[in-house]
file run.csv (CSV, C-alpha atoms)
chain,number,residue,atom,x,y,z
S,1,MET,CA,-0.8,-8.8,-2.7
S,2,HIS,CA,0.3,-6.1,-5.0
S,3,GLY,CA,-0.4,-2.4,-4.5
S,4,TYR,CA,-3.4,-2.1,-6.8
S,5,GLY,CA,-4.9,-5.3,-5.2
S,6,LEU,CA,-4.5,-3.7,-1.8
S,7,ILE,CA,-6.3,-0.5,-3.0
S,8,ALA,CA,-9.2,-2.7,-4.3
S,9,GLU,CA,-9.3,-4.8,-1.2
S,10,VAL,CA,-9.5,-1.8,1.2
S,11,GLY,CA,-12.3,-0.4,-0.9
S,12,ARG,CA,-14.1,-3.7,-0.8
S,13,LEU,CA,-13.6,-4.3,2.9
S,14,SER,CA,-14.8,-0.8,3.7
S,15,ASP,CA,-17.8,-0.9,1.4
S,16,GLY,CA,-16.3,2.0,-0.6
S,17,ARG,CA,-15.9,4.2,2.5
S,18,ILE,CA,-12.1,4.2,2.3
S,19,SER,CA,-10.4,5.1,-1.0
S,20,LEU,CA,-6.6,4.8,-0.9
S,21,ARG,CA,-4.6,6.9,-3.3
S,22,PRO,CA,-1.5,5.2,-4.8
S,23,GLY,CA,0.9,7.8,-3.5
S,24,THR,CA,-0.4,7.4,0.0
S,25,LEU,CA,-0.4,3.6,-0.2
S,26,TYR,CA,3.1,3.3,-1.6
S,27,GLY,CA,4.6,5.8,0.8
S,28,ALA,CA,3.0,3.8,3.7
S,29,LEU,CA,4.3,0.5,2.2
S,30,ASP,CA,7.8,1.9,2.0
S,31,ARG,CA,7.7,2.9,5.6
S,32,LEU,CA,6.3,-0.5,6.7
S,33,VAL,CA,9.0,-2.3,4.7
S,34,ASP,CA,11.7,-0.1,6.3
S,35,ALA,CA,10.2,-0.9,9.7
S,36,GLY,CA,10.3,-4.6,9.0
S,37,LEU,CA,6.5,-5.0,9.4
S,38,VAL,CA,5.9,-5.8,5.7
S,39,GLY,CA,8.2,-7.5,3.3
S,40,VAL,CA,8.4,-7.7,-0.5
S,41,ASP,CA,7.3,-11.2,-1.5
S,42,ARG,CA,8.2,-11.0,-5.2
S,43,GLU,CA,8.3,-8.8,-8.2
S,44,GLU,CA,7.2,-9.4,-11.8
S,45,ILE,CA,6.9,-7.4,-15.0
S,46,VAL,CA,3.3,-7.0,-16.2
S,47,ASP,CA,2.6,-5.1,-19.4
S,48,GLY,CA,6.1,-3.6,-19.2
S,49,ARG,CA,5.6,-2.3,-15.6
S,50,LEU,CA,7.1,-3.6,-12.4
S,51,ARG,CA,4.5,-5.2,-10.1
S,52,ARG,CA,5.7,-5.7,-6.5
S,53,TYR,CA,3.9,-8.1,-4.2
S,54,TYR,CA,3.9,-7.5,-0.4
S,55,ARG,CA,3.4,-9.8,2.5
S,56,LEU,CA,2.9,-9.2,6.2
S,57,ALA,CA,6.1,-10.0,8.2
S,58,GLU,CA,5.9,-11.8,11.5
S,59,PRO,CA,6.4,-8.6,13.5
S,60,GLY,CA,3.7,-6.9,11.4
S,61,GLY,CA,1.3,-9.7,12.2
S,62,GLU,CA,2.0,-9.4,15.9
S,63,LEU,CA,1.5,-5.6,15.8
S,64,LEU,CA,-1.7,-6.1,13.8
S,65,ALA,CA,-3.0,-8.6,16.3
S,66,ALA,CA,-2.3,-6.2,19.2
S,67,GLU,CA,-3.8,-3.2,17.4
S,68,THR,CA,-6.9,-5.3,16.5
S,69,GLU,CA,-7.3,-6.3,20.2
S,70,ARG,CA,-6.9,-2.6,21.3
S,71,MET,CA,-9.5,-1.5,18.9
S,72,ARG,CA,-11.9,-4.3,19.9
S,73,HIS,CA,-11.5,-3.2,23.6
S,74,ASN,CA,-12.3,0.4,22.6
S,75,VAL,CA,-15.4,-0.7,20.7
S,76,GLU,CA,-16.6,-2.7,23.7
S,77,ALA,CA,-16.0,0.3,26.0
S,78,ALA,CA,-17.8,2.7,23.7
S,79,THR,CA,-20.7,0.2,23.3
S,80,ALA,CA,-21.1,-0.1,27.1
S,81,ARG,CA,-21.1,3.7,27.5
S,82,LEU,CA,-23.8,4.0,24.8
S,83,ARG,CA,-26.0,1.4,26.5
S,84,ALA,CA,-25.5,3.1,29.9
S,85,ALA,CA,-26.4,6.5,28.4
S,86,LYS,CA,-29.7,5.4,26.9
S,87,PRO,CA,-32.7,6.4,29.1
S,88,ALA,CA,-34.8,3.5,30.5
S,89,PRO,CA,-37.8,2.6,28.4
S,90,ARG,CA,-41.1,4.1,29.6
S,91,LEU,CA,-44.2,2.0,30.2
S,92,HIS,CA,-47.4,3.9,30.5
S,93,GLY,CA,-45.7,7.1,31.5
S,94,ARG,CA,-43.5,5.4,34.2
S,95,LEU,CA,-39.9,4.2,34.0
S,96,ALA,CA,-39.6,0.5,33.5

call {"tool": "encode", "arguments": {"input": "run.csv", "output": "structure tokens"}}
result
Amino acid sequence: MHGYGLIAEVGRLSDGRISLRPGTLYGALDRLVDAGLVGVDREEIVDGRLRRYYRLAEPGGELLAAETERMRHNVEAATARLRAAKPAPRLHGRLA
């Protein structure tokens, strides 16, 4: 996906809650490429401007999978704590 496509996809996936700025995105992409987590797939000229397409490299996919699992575990732990913190429902003035 190219940079503008990534910006649009993040906005779509977050229902507009996250809005990436181009400078932030391209700085992050440069760091990810340097780290070997993302690679440049291809480049083309569109309307006289260079458009660079990126792809997730294998180490990036592995790191993404691990981070997704870590976040899933955190959500499960937070959900369990919220459930435990809720007071028991009352029935006719008594705890159920």

call {"tool": "residues_around", "arguments": {"input": "run.csv", "residues": "range 5-19 of chain S", "least_positions_apart": "5", "cutoff": "10 Å", "atoms": "only C-alpha atoms", "output": "VMD selection string"}}
result
chain S and resid 25 53 to 54

call {"tool": "residues_around", "arguments": {"input": "run.csv", "residues": "Gly39 in chain S", "least_positions_apart": "3", "cutoff": "12 Å", "atoms": "all atoms listed in the file", "output": "list in words"}}
result
Met1, His2, Leu29, Asp30, Arg31, Leu32, Val33, Asp34, Ala35, Gly36, Arg42, Glu43, Arg52, Tyr53, Tyr54, Arg55, Leu56, Ala57, Glu58, Pro59, Gly60 and Gly61 of chain S

call {"tool": "atom_distance", "arguments": {"input": "run.csv", "atom1": "CA of Glu44 in chain S", "atom2": "CA of Tyr4 in chain S"}}
result
13.8 Å

call {"tool": "atom_distance", "arguments": {"input": "run.csv", "atom1": "CA of Arg49 in chain S", "atom2": "CA of Pro22 in chain S"}}
result
14.9 Å

call {"tool": "atom_distance", "arguments": {"input": "run.csv", "atom1": "CA of Arg51 in chain S", "atom2": "CA of Tyr26 in chain S"}}
result
12.1 Å
